[in-house]
>>> print(open('input11.txt').read())   # compact mmCIF, C-alpha atoms
# COMPACT_ATOMS: atom_id res chain seq x y z
CA MET A 1 15.63 19.49 -30.47
CA SER A 2 12.91 19.70 -27.81
CA SER A 3 12.50 15.91 -27.72
CA SER A 4 16.23 15.40 -27.20
CA LEU A 5 16.21 18.03 -24.46
CA GLN A 6 13.25 16.33 -22.81
CA GLY A 7 15.06 13.01 -23.01
CA SER A 8 18.19 14.45 -21.38
CA ASN A 9 16.12 16.07 -18.63
CA SER A 10 14.33 12.77 -17.97
CA SER A 11 17.61 10.89 -17.68
CA LYS A 12 19.12 13.65 -15.55
CA PHE A 13 16.31 13.54 -12.99
CA GLN A 14 15.75 9.79 -13.17
CA VAL A 15 14.39 8.56 -9.82
CA SER A 16 16.10 5.45 -8.44
CA GLU A 17 14.79 5.42 -4.85
CA PHE A 18 11.24 5.56 -3.51
CA ILE A 19 9.99 6.67 -0.10
CA LEU A 20 6.97 5.10 1.59
CA LEU A 21 5.02 7.78 3.45
CA GLY A 22 2.76 5.37 5.31
CA PHE A 23 -0.95 5.88 5.88
CA PRO A 24 -2.28 8.80 3.84
CA GLY A 25 -3.79 11.67 5.78
CA ILE A 26 -2.47 10.63 9.21
CA HIS A 27 1.29 11.00 8.79
CA SER A 28 1.65 12.97 12.03
CA TRP A 29 0.26 10.23 14.30
CA GLN A 30 0.48 7.04 12.26
CA HIS A 31 3.28 5.74 14.51
CA TRP A 32 0.63 5.03 17.13
CA LEU A 33 -0.71 2.32 14.83
CA SER A 34 2.57 0.41 15.08
CA LEU A 35 1.62 -1.21 18.41
CA PRO A 36 -1.77 -2.69 17.41
CA LEU A 37 -0.40 -3.75 14.00
CA ALA A 38 2.63 -5.36 15.66
CA LEU A 39 0.32 -7.21 18.04
CA LEU A 40 -1.75 -8.42 15.09
CA TYR A 41 1.39 -9.63 13.29
CA LEU A 42 2.53 -11.47 16.42
CA SER A 43 -0.90 -13.05 16.86
CA ALA A 44 -0.88 -14.17 13.21
CA MET A 45 2.59 -15.70 13.59
CA SER A 46 1.66 -17.38 16.89
CA ALA A 47 -1.61 -18.75 15.51
CA ASN A 48 0.06 -20.27 12.46
CA LEU A 49 2.91 -21.64 14.55
CA LEU A 50 0.22 -23.32 16.67
CA ILE A 51 -1.30 -24.85 13.52
CA LEU A 52 2.06 -26.18 12.32
CA THR A 53 2.94 -27.59 15.76
CA THR A 54 -0.47 -29.21 16.16
CA ILE A 55 -0.38 -30.87 12.75
CA SER A 56 3.18 -32.12 13.23
CA GLN A 57 2.50 -33.49 16.74
CA ASP A 58 -0.89 -35.14 16.17
CA PRO A 59 -0.81 -38.24 13.89
CA SER A 60 -4.58 -38.05 13.36
CA LEU A 61 -4.12 -34.69 11.58
CA LYS A 62 -1.76 -36.09 8.92
CA GLN A 63 -4.62 -35.76 6.44
CA PRO A 64 -4.53 -33.81 3.15
CA MET A 65 -6.94 -31.11 4.37
CA TYR A 66 -4.77 -30.33 7.40
CA LEU A 67 -1.53 -30.63 5.44
CA PHE A 68 -2.84 -28.00 3.02
CA LEU A 69 -3.79 -25.88 6.03
CA GLY A 70 -0.21 -26.20 7.27
CA ILE A 71 1.11 -25.09 3.87
CA LEU A 72 -1.32 -22.17 3.97
CA ALA A 73 0.27 -21.12 7.27
CA ILE A 74 3.73 -20.69 5.68
CA HIS A 75 2.89 -19.30 2.23
CA CYS A 76 4.69 -16.18 0.99
CA PHE A 77 2.59 -15.13 -2.04
CA VAL A 78 -0.97 -13.86 -2.25
CA GLY A 79 -1.32 -16.05 -5.34
CA MET A 80 0.01 -18.99 -3.33
CA GLU A 81 -2.81 -18.54 -0.82
CA SER A 82 -5.28 -18.57 -3.69
CA GLY A 83 -3.70 -21.74 -5.10
CA ILE A 84 -3.81 -23.54 -1.76
CA PHE A 85 -7.50 -22.64 -1.42
CA LEU A 86 -7.99 -24.31 -4.82
CA CYS A 87 -6.15 -27.43 -3.63
CA MET A 88 -8.33 -27.54 -0.50
CA ALA A 89 -11.47 -27.18 -2.62
CA PHE A 90 -10.32 -30.08 -4.82
CA ASP A 91 -9.62 -32.14 -1.69
CA ARG A 92 -13.17 -31.52 -0.42
CA TYR A 93 -14.63 -32.28 -3.86
CA VAL A 94 -12.93 -35.68 -4.07
CA ALA A 95 -13.72 -36.52 -0.43
CA ILE A 96 -17.43 -35.76 -0.84
CA CYS A 97 -18.15 -36.67 -4.46
CA HIS A 98 -15.76 -39.64 -4.84
CA PRO A 99 -15.16 -40.93 -1.27
CA LEU A 100 -14.18 -44.47 -2.32
CA ARG A 101 -11.47 -43.18 -4.65
CA TYR A 102 -10.22 -40.50 -2.23
CA PRO A 103 -7.25 -42.46 -0.78
CA SER A 104 -5.96 -43.32 -4.26
CA ILE A 105 -6.40 -39.80 -5.69
CA VAL A 106 -5.38 -37.44 -2.88
CA THR A 107 -2.01 -38.89 -1.93
CA ASN A 108 1.11 -37.36 -0.36
CA SER A 109 2.64 -37.37 -3.83
CA LEU A 110 -0.26 -35.31 -5.18
CA ILE A 111 0.03 -32.85 -2.28
CA PHE A 112 3.76 -32.40 -2.96
CA LYS A 113 3.26 -31.95 -6.72
CA ALA A 114 0.36 -29.52 -6.26
CA THR A 115 2.35 -27.43 -3.77
CA LEU A 116 5.42 -27.41 -6.02
CA PHE A 117 3.28 -26.39 -8.99
CA MET A 118 1.75 -23.50 -7.03
CA VAL A 119 5.18 -22.26 -5.92
CA LEU A 120 6.56 -22.40 -9.48
CA ARG A 121 3.42 -20.88 -10.98
CA ASN A 122 3.40 -17.90 -8.66
CA GLY A 123 7.14 -17.44 -8.91
CA LEU A 124 7.00 -17.34 -12.71
CA LEU A 125 3.82 -15.25 -12.92
CA VAL A 126 5.33 -12.37 -10.94
CA ILE A 127 8.49 -12.11 -13.07
CA PRO A 128 6.94 -9.81 -15.75
CA VAL A 129 5.73 -7.37 -13.06
CA PRO A 130 9.11 -6.01 -11.85
CA VAL A 131 10.60 -6.37 -15.34
CA LEU A 132 7.93 -4.07 -16.82
CA ALA A 133 8.16 -1.70 -13.84
CA ALA A 134 11.90 -1.31 -14.47
CA GLN A 135 11.17 -0.19 -18.05
CA ARG A 136 9.21 2.86 -16.90
CA ASN A 137 10.73 6.33 -16.71
CA TYR A 138 10.59 7.83 -13.20
CA CYS A 139 11.56 11.48 -13.49
CA SER A 140 9.52 13.42 -10.95
CA GLN A 141 8.02 12.19 -7.67
CA ASN A 142 9.49 9.41 -5.56
CA GLU A 143 7.07 9.48 -2.62
CA ILE A 144 4.46 6.71 -2.35
CA ASP A 145 1.48 7.50 -0.13
CA HIS A 146 1.20 3.93 1.10
CA CYS A 147 2.57 1.46 3.65
CA LEU A 148 3.46 -1.23 1.11
CA CYS A 149 5.68 -0.90 -1.94
CA SER A 150 3.23 -2.39 -4.43
CA ASN A 151 3.96 -2.51 -8.14
CA LEU A 152 1.04 -0.29 -9.11
CA GLY A 153 1.97 2.16 -6.37
CA VAL A 154 5.44 2.54 -7.89
CA THR A 155 4.42 2.65 -11.56
CA ARG A 156 1.79 5.28 -10.75
CA LEU A 157 4.74 7.68 -10.33
CA ALA A 158 6.09 6.99 -13.84
CA CYS A 159 6.33 9.88 -16.28
CA ASP A 160 5.62 7.75 -19.36
CA ASP A 161 2.75 5.46 -20.33
CA ARG A 162 2.10 2.90 -17.56
CA ARG A 163 -0.86 1.20 -19.20
CA PRO A 164 1.19 -1.90 -20.17
CA ASN A 165 1.98 -2.45 -16.47
CA SER A 166 -1.66 -2.11 -15.39
CA ILE A 167 -2.86 -4.40 -18.20
CA CYS A 168 -0.15 -6.97 -17.46
CA GLN A 169 -0.96 -7.09 -13.75
CA LEU A 170 -4.69 -7.30 -14.44
CA VAL A 171 -4.19 -10.19 -16.90
CA LEU A 172 -1.87 -12.04 -14.51
CA ALA A 173 -4.36 -11.59 -11.66
CA TRP A 174 -7.20 -12.98 -13.77
CA VAL A 175 -5.08 -15.88 -15.07
CA GLY A 176 -3.83 -16.76 -11.58
CA MET A 177 -6.34 -15.89 -8.88
CA GLY A 178 -9.26 -15.52 -11.30
CA GLY A 179 -8.65 -19.02 -12.64
CA ASP A 180 -8.34 -20.38 -9.11
CA LEU A 181 -11.61 -18.75 -8.05
CA SER A 182 -13.44 -20.16 -11.10
CA LEU A 183 -12.24 -23.69 -10.33
CA ILE A 184 -13.10 -23.27 -6.63
CA MET A 185 -16.63 -22.21 -7.54
CA LEU A 186 -16.92 -25.18 -9.92
CA SER A 187 -15.72 -27.57 -7.20
CA TYR A 188 -18.29 -26.32 -4.71
CA ALA A 189 -21.05 -26.32 -7.32
CA LEU A 190 -20.33 -30.01 -7.91
CA ILE A 191 -20.19 -30.60 -4.14
CA LEU A 192 -23.54 -28.87 -3.67
CA ARG A 193 -25.11 -30.93 -6.44
CA SER A 194 -23.80 -34.14 -4.85
CA VAL A 195 -24.96 -33.10 -1.36
CA LEU A 196 -28.48 -32.26 -2.50
CA ARG A 197 -28.85 -35.85 -3.72
CA ILE A 198 -28.36 -37.17 -0.18
CA ASN A 199 -31.64 -38.11 1.50
CA SER A 200 -30.39 -37.74 5.09
CA SER A 201 -30.61 -34.17 6.41
CA GLU A 202 -28.07 -35.03 9.11
CA ALA A 203 -25.56 -36.19 6.50
CA VAL A 204 -26.15 -33.02 4.47
CA SER A 205 -25.57 -30.87 7.54
CA LYS A 206 -22.35 -32.70 8.45
CA THR A 207 -21.03 -32.50 4.89
CA LEU A 208 -21.70 -28.78 4.58
CA SER A 209 -20.17 -28.19 8.01
CA THR A 210 -16.84 -29.63 6.83
CA CYS A 211 -16.78 -27.09 3.98
CA SER A 212 -18.05 -24.04 5.87
CA SER A 213 -14.72 -23.02 7.44
CA HIS A 214 -13.05 -23.18 4.05
CA LEU A 215 -15.79 -21.09 2.44
CA ILE A 216 -15.55 -18.41 5.17
CA LEU A 217 -11.83 -17.95 4.52
CA ILE A 218 -12.30 -17.94 0.74
CA PHE A 219 -15.05 -15.31 0.95
CA PHE A 220 -12.95 -13.01 3.13
CA PHE A 221 -9.80 -13.49 1.04
CA TYR A 222 -11.33 -12.79 -2.37
CA THR A 223 -13.57 -9.96 -1.16
CA VAL A 224 -10.58 -8.01 0.15
CA VAL A 225 -8.52 -8.85 -2.97
CA VAL A 226 -11.26 -7.42 -5.21
CA VAL A 227 -11.55 -4.24 -3.10
CA ILE A 228 -7.77 -3.72 -3.14
CA SER A 229 -7.52 -4.40 -6.89
CA VAL A 230 -10.32 -1.98 -7.77
CA THR A 231 -8.75 0.67 -5.53
CA HIS A 232 -5.37 0.26 -7.20
CA LEU A 233 -6.68 0.21 -10.74
CA ALA A 234 -8.89 3.25 -10.21
CA GLU A 235 -6.99 6.43 -11.06
CA THR A 236 -7.69 8.02 -7.68
CA LYS A 237 -5.40 9.13 -4.91
CA ALA A 238 -4.88 6.56 -2.16
CA THR A 239 -7.05 7.10 0.89
CA PHE A 240 -6.71 5.79 4.45
CA ILE A 241 -9.31 2.99 4.36
CA PRO A 242 -8.05 1.17 1.19
CA VAL A 243 -4.47 1.38 2.45
CA LEU A 244 -5.49 0.04 5.86
CA LEU A 245 -7.42 -2.76 4.13
CA ASN A 246 -4.31 -3.62 2.15
CA VAL A 247 -2.22 -3.85 5.31
CA LEU A 248 -4.85 -5.85 7.20
CA HIS A 249 -5.12 -8.26 4.28
CA ASN A 250 -1.59 -9.39 5.10
CA ILE A 251 -2.45 -9.91 8.78
CA ILE A 252 -6.09 -10.92 9.24
CA PRO A 253 -6.30 -14.04 7.00
CA PRO A 254 -3.32 -15.77 8.70
CA SER A 255 -4.92 -14.96 12.07
CA LEU A 256 -8.35 -16.14 10.93
CA ASN A 257 -7.19 -19.55 9.63
CA PRO A 258 -6.64 -21.24 13.02
CA ILE A 259 -9.60 -19.46 14.64
CA VAL A 260 -12.11 -20.45 11.96
CA TYR A 261 -10.83 -24.02 11.67
CA ALA A 262 -10.67 -24.43 15.45
CA LEU A 263 -14.27 -23.28 15.81
CA ARG A 264 -15.54 -25.45 12.97
CA THR A 265 -13.34 -28.58 13.18
CA LYS A 266 -13.48 -30.90 16.19
CA GLU A 267 -10.22 -32.72 15.34
CA LEU A 268 -8.25 -29.47 15.23
CA ARG A 269 -9.78 -28.26 18.52
CA VAL A 270 -8.70 -31.50 20.18
CA GLY A 271 -5.24 -31.12 18.66
CA PHE A 272 -4.91 -27.54 19.91
CA ARG A 273 -5.85 -28.63 23.44
CA LYS A 274 -3.23 -31.41 23.35
CA VAL A 275 -0.48 -29.02 22.22
CA LEU A 276 -1.41 -26.36 24.78
CA ARG A 277 -1.59 -28.98 27.54
CA TRP A 278 1.81 -30.33 26.47
CA ALA A 279 3.26 -26.79 26.45
CA SER A 280 1.92 -26.05 29.95
CA GLN A 281 3.38 -29.31 31.29
CA LYS A 282 6.80 -28.45 29.82
CA LYS A 283 6.79 -25.25 31.88
>>> encode(input="input11.txt", output="structure tokens")
Amino acid sequence: MSSSLQGSNSSKFQVSEFILLGFPGIHSWQHWLSLPLALLYLSAMSANLLILTTISQDPSLKQPMYLFLGILAIHCFVGMESGIFLCMAFDRYVAICHPLRYPSIVTNSLIFKATLFMVLRNGLLVIPVPVLAAQRNYCSQNEIDHCLCSNLGVTRLACDDRRPNSICQLVLAWVGMGGDLSLIMLSYALILRSVLRINSSEAVSKTLSTCSSHLILIFFFYTVVVVISVTHLAETKATFIPVLLNVLHNIIPPSLNPIVYALRTKELRVGFRKVLRWASQKK
């Protein structure tokens, strides 16, 4: 009797809409953050548009490394970003460890297939997440103390057992991004072993310099992903800093890509100058 009553009450008060409250603890003045965040979004969009324009206009940048950078500028999944980092690591591995075979291995066909695989992989991997979230029973709160409608943020409001959702998302993250990170680390371990065999210190320095910009972006990307994941999986109330980190993770990496590569890559710096000079002449 009580179980049937509980079931009817749950269905009666079933929540179908959720409200994002924004940054926790600063609801009264969080609107003031809209301007700097909007400026950051615009800078990220402008920077990546500059990358795409530069690569498309400069024939010397029609190389796999820069093509992957262009794809990175238009990705729409966090897992896609991880996958493109893996492709870039593989590109550097072949270029450094097997330079004579590089043109025959890293072809336009391989780039297309790798990109298509990453899109399909990330599209299929996320399907179980909303499907499992829809199976939960939401019968009480509908307010999410966050700026983003994340899966774990929604399922945290469920009245029934949400452990399957947390386990599923953790497994998918380890299979996707965890697998990518393992292969990236393997690629750079093999690169380091190959570089240490070179007798010329100048050649070693030049080789490591070509990889440094990539490693900077990878370090920032995965560090923030780990912090966000631990924050979400911990059964604690959301606080301002983790939520802000989550928001910035969607803005800072796209802004950092052109800055880091421009500072570390001569060809891209030259390409940027050509595009900016061309744009100024058009005016």
>>> residues_around(input="input11.txt", residues="A:Leu21", least_positions_apart="6", cutoff="10 Å", atoms="all atoms listed in the file", output="list in words")
His27, Gln30, Glu143, Ile144, Asp145, His146, Cys147 and Leu148 of chain A
>>> atom_distance(input="input11.txt", atom1="atom CA of A:Ala279", atom2="atom CA of A:Asn48")
15.8 Å
>>> atom_distance(input="input11.txt", atom1="atom CA of A:Ser229", atom2="atom CA of A:Ala133")
17.4 Å
>>> closest_residue(input="input11.txt", among="A:Pro128, A:Leu50, A:Gly123, A:Arg197", to="A:Ser166", atoms="only C-alpha atoms")
A:Pro128
>>> atom_distance(input="input11.txt", atom1="atom CA of A:Leu157", atom2="atom CA of A:Gln141")
6.2 Å
>>> residues_around(input="input11.txt", residues="A:Gly176", least_positions_apart="2", cutoff="8 Å", atoms="all atoms listed in the file", output="count of residues only")
9
>>> closest_atom_pairs(input="input11.txt", of="stretch 40-142 of chain A", to="stretch 182-194 of chain A", cutoff="9 Å", atoms="all atoms listed in the file", output="tab-separated table")
residue	atom	partner	partner_atom	distance
A:Phe85	CA	A:Ile184	CA	7.7
A:Leu86	CA	A:Ile184	CA	5.5
A:Cys87	CA	A:Ile184	CA	8.6
A:Met88	CA	A:Ile184	CA	8.9
A:Ala89	CA	A:Ile184	CA	5.8
A:Phe90	CA	A:Ser187	CA	6.4
A:Arg92	CA	A:Ile191	CA	8.0
A:Tyr93	CA	A:Ile191	CA	5.8
A:Val94	CA	A:Ile191	CA	8.9
A:Ile96	CA	A:Ile191	CA	6.7
A:Cys97	CA	A:Ser194	CA	6.2
>>> closest_residue(input="input11.txt", among="A:Trp32, A:Tyr102, A:Phe112, A:Tyr41", to="A:Phe68", atoms="all atoms listed in the file")
A:Phe112
>>> residues_around(input="input11.txt", residues="stretch 213-215 of chain A", least_positions_apart="2", cutoff="8 Å", atoms="all atoms listed in the file", output="PyMOL selection string")
chain A and resi 85+88-89+209-211+217-219+260-261+264
>>> axis_aligned_box(input="input11.txt", around="stretch 177-190 of chain A", padding_each_side="4 Å", output="JSON")
{"center_x": -13.7, "center_y": -22.8, "center_z": -8.7, "size_x": 22.7, "size_y": 22.5, "size_z": 15.9}
>>> residues_around(input="input11.txt", residues="A:Phe240", least_positions_apart="4", cutoff="9 Å", atoms="all atoms listed in the file", output="VMD selection string")
chain A and resid 23 to 26 146 244 to 245
>>> closest_residue(input="input11.txt", among="A:Ile167, A:Cys139, A:Val154, A:Val275", to="A:Leu52", atoms="only C-alpha atoms")
A:Val275
>>> decode(input="input11.txt", residues="stretch 115-128 of chain A", atoms="all heavy atoms", output="tab-separated table (two decimals), in the first residue's frame")
chain	number	residue	atom	x	y	z
A	115	THR	N	39.50	11.82	-38.43
A	115	THR	CA	38.51	12.81	-37.99
A	115	THR	C	37.11	12.21	-37.97
A	115	THR	O	36.35	12.40	-37.01
A	115	THR	CB	38.54	14.04	-38.91
A	115	THR	OG1	39.87	14.56	-38.96
A	115	THR	CG2	37.59	15.11	-38.40
A	116	LEU	N	36.77	11.46	-39.02
A	116	LEU	CA	35.45	10.82	-39.08
A	116	LEU	C	35.28	9.82	-37.95
A	116	LEU	O	34.22	9.75	-37.31
A	116	LEU	CB	35.28	10.12	-40.44
A	116	LEU	CG	33.95	9.41	-40.67
A	116	LEU	CD1	32.80	10.40	-40.63
A	116	LEU	CD2	33.96	8.66	-42.01
A	117	PHE	N	36.34	9.06	-37.67
A	117	PHE	CA	36.28	8.10	-36.56
A	117	PHE	C	36.04	8.80	-35.24
A	117	PHE	O	35.25	8.35	-34.41
A	117	PHE	CB	37.58	7.29	-36.51
A	117	PHE	CG	37.69	6.41	-35.29
A	117	PHE	CD1	36.97	5.23	-35.20
A	117	PHE	CD2	38.50	6.78	-34.21
A	117	PHE	CE1	37.05	4.43	-34.07
A	117	PHE	CE2	38.58	5.99	-33.08
A	117	PHE	CZ	37.85	4.80	-33.01
A	118	MET	N	36.74	9.93	-35.00
A	118	MET	CA	36.57	10.65	-33.74
A	118	MET	C	35.16	11.21	-33.59
A	118	MET	O	34.57	11.19	-32.51
A	118	MET	CB	37.60	11.79	-33.66
A	118	MET	CG	39.03	11.32	-33.50
A	118	MET	SD	39.25	10.28	-32.03
A	118	MET	CE	40.91	9.64	-32.33
A	119	VAL	N	34.60	11.71	-34.70
A	119	VAL	CA	33.23	12.24	-34.65
A	119	VAL	C	32.24	11.12	-34.32
A	119	VAL	O	31.37	11.27	-33.45
A	119	VAL	CB	32.86	12.90	-35.99
A	119	VAL	CG1	31.38	13.26	-36.03
A	119	VAL	CG2	33.71	14.15	-36.22
A	120	LEU	N	32.37	9.98	-35.01
A	120	LEU	CA	31.47	8.85	-34.77
A	120	LEU	C	31.66	8.29	-33.37
A	120	LEU	O	30.68	7.96	-32.67
A	120	LEU	CB	31.70	7.76	-35.82
A	120	LEU	CG	31.31	8.11	-37.25
A	120	LEU	CD1	31.70	7.00	-38.21
A	120	LEU	CD2	29.81	8.39	-37.35
A	121	ARG	N	32.92	8.17	-32.95
A	121	ARG	CA	33.19	7.62	-31.61
A	121	ARG	C	32.55	8.46	-30.53
A	121	ARG	O	31.85	7.93	-29.64
A	121	ARG	CB	34.70	7.54	-31.37
A	121	ARG	CG	35.07	6.91	-30.05
A	121	ARG	CD	36.51	7.17	-29.66
A	121	ARG	NE	36.72	8.56	-29.24
A	121	ARG	CZ	37.84	8.99	-28.66
A	121	ARG	NH1	38.83	8.15	-28.44
A	121	ARG	NH2	37.95	10.26	-28.30
A	122	ASN	N	32.74	9.77	-30.60
A	122	ASN	CA	32.20	10.63	-29.55
A	122	ASN	C	30.69	10.77	-29.64
A	122	ASN	O	30.02	10.91	-28.62
A	122	ASN	CB	32.88	12.01	-29.62
A	122	ASN	CG	34.33	11.95	-29.21
A	122	ASN	OD1	34.65	11.75	-28.05
A	122	ASN	ND2	35.23	12.08	-30.16
A	123	GLY	N	30.16	10.70	-30.85
A	123	GLY	CA	28.72	10.72	-31.00
A	123	GLY	C	28.06	9.49	-30.40
A	123	GLY	O	27.02	9.57	-29.74
A	124	LEU	N	28.68	8.32	-30.61
A	124	LEU	CA	28.12	7.07	-30.10
A	124	LEU	C	28.35	6.92	-28.60
A	124	LEU	O	27.50	6.37	-27.88
A	124	LEU	CB	28.73	5.88	-30.85
A	124	LEU	CG	28.36	5.76	-32.34
A	124	LEU	CD1	29.16	4.65	-33.01
A	124	LEU	CD2	26.86	5.51	-32.50
A	125	LEU	N	29.50	7.39	-28.12
A	125	LEU	CA	29.82	7.23	-26.69
A	125	LEU	C	28.88	8.03	-25.79
A	125	LEU	O	28.62	7.62	-24.65
A	125	LEU	CB	31.26	7.65	-26.42
A	125	LEU	CG	32.35	6.61	-26.71
A	125	LEU	CD1	33.73	7.18	-26.41
A	125	LEU	CD2	32.14	5.33	-25.91
A	126	VAL	N	28.36	9.15	-26.29
A	126	VAL	CA	27.51	9.97	-25.42
A	126	VAL	C	26.05	9.51	-25.41
A	126	VAL	O	25.26	9.98	-24.59
A	126	VAL	CB	27.56	11.47	-25.83
A	126	VAL	CG1	28.97	12.00	-25.71
A	126	VAL	CG2	27.02	11.67	-27.24
A	127	ILE	N	25.68	8.61	-26.31
A	127	ILE	CA	24.28	8.17	-26.38
A	127	ILE	C	23.78	7.57	-25.07
A	127	ILE	O	22.68	7.90	-24.61
A	127	ILE	CB	24.08	7.19	-27.55
A	127	ILE	CG1	24.18	7.94	-28.88
A	127	ILE	CG2	22.72	6.48	-27.45
A	127	ILE	CD1	24.08	7.05	-30.11
A	128	PRO	N	24.55	6.67	-24.39
A	128	PRO	CA	24.04	6.09	-23.14
A	128	PRO	C	23.82	7.12	-22.04
A	128	PRO	O	23.00	6.88	-21.14
A	128	PRO	CB	25.15	5.11	-22.73
A	128	PRO	CG	25.92	4.84	-23.97
A	128	PRO	CD	25.86	6.09	-24.77
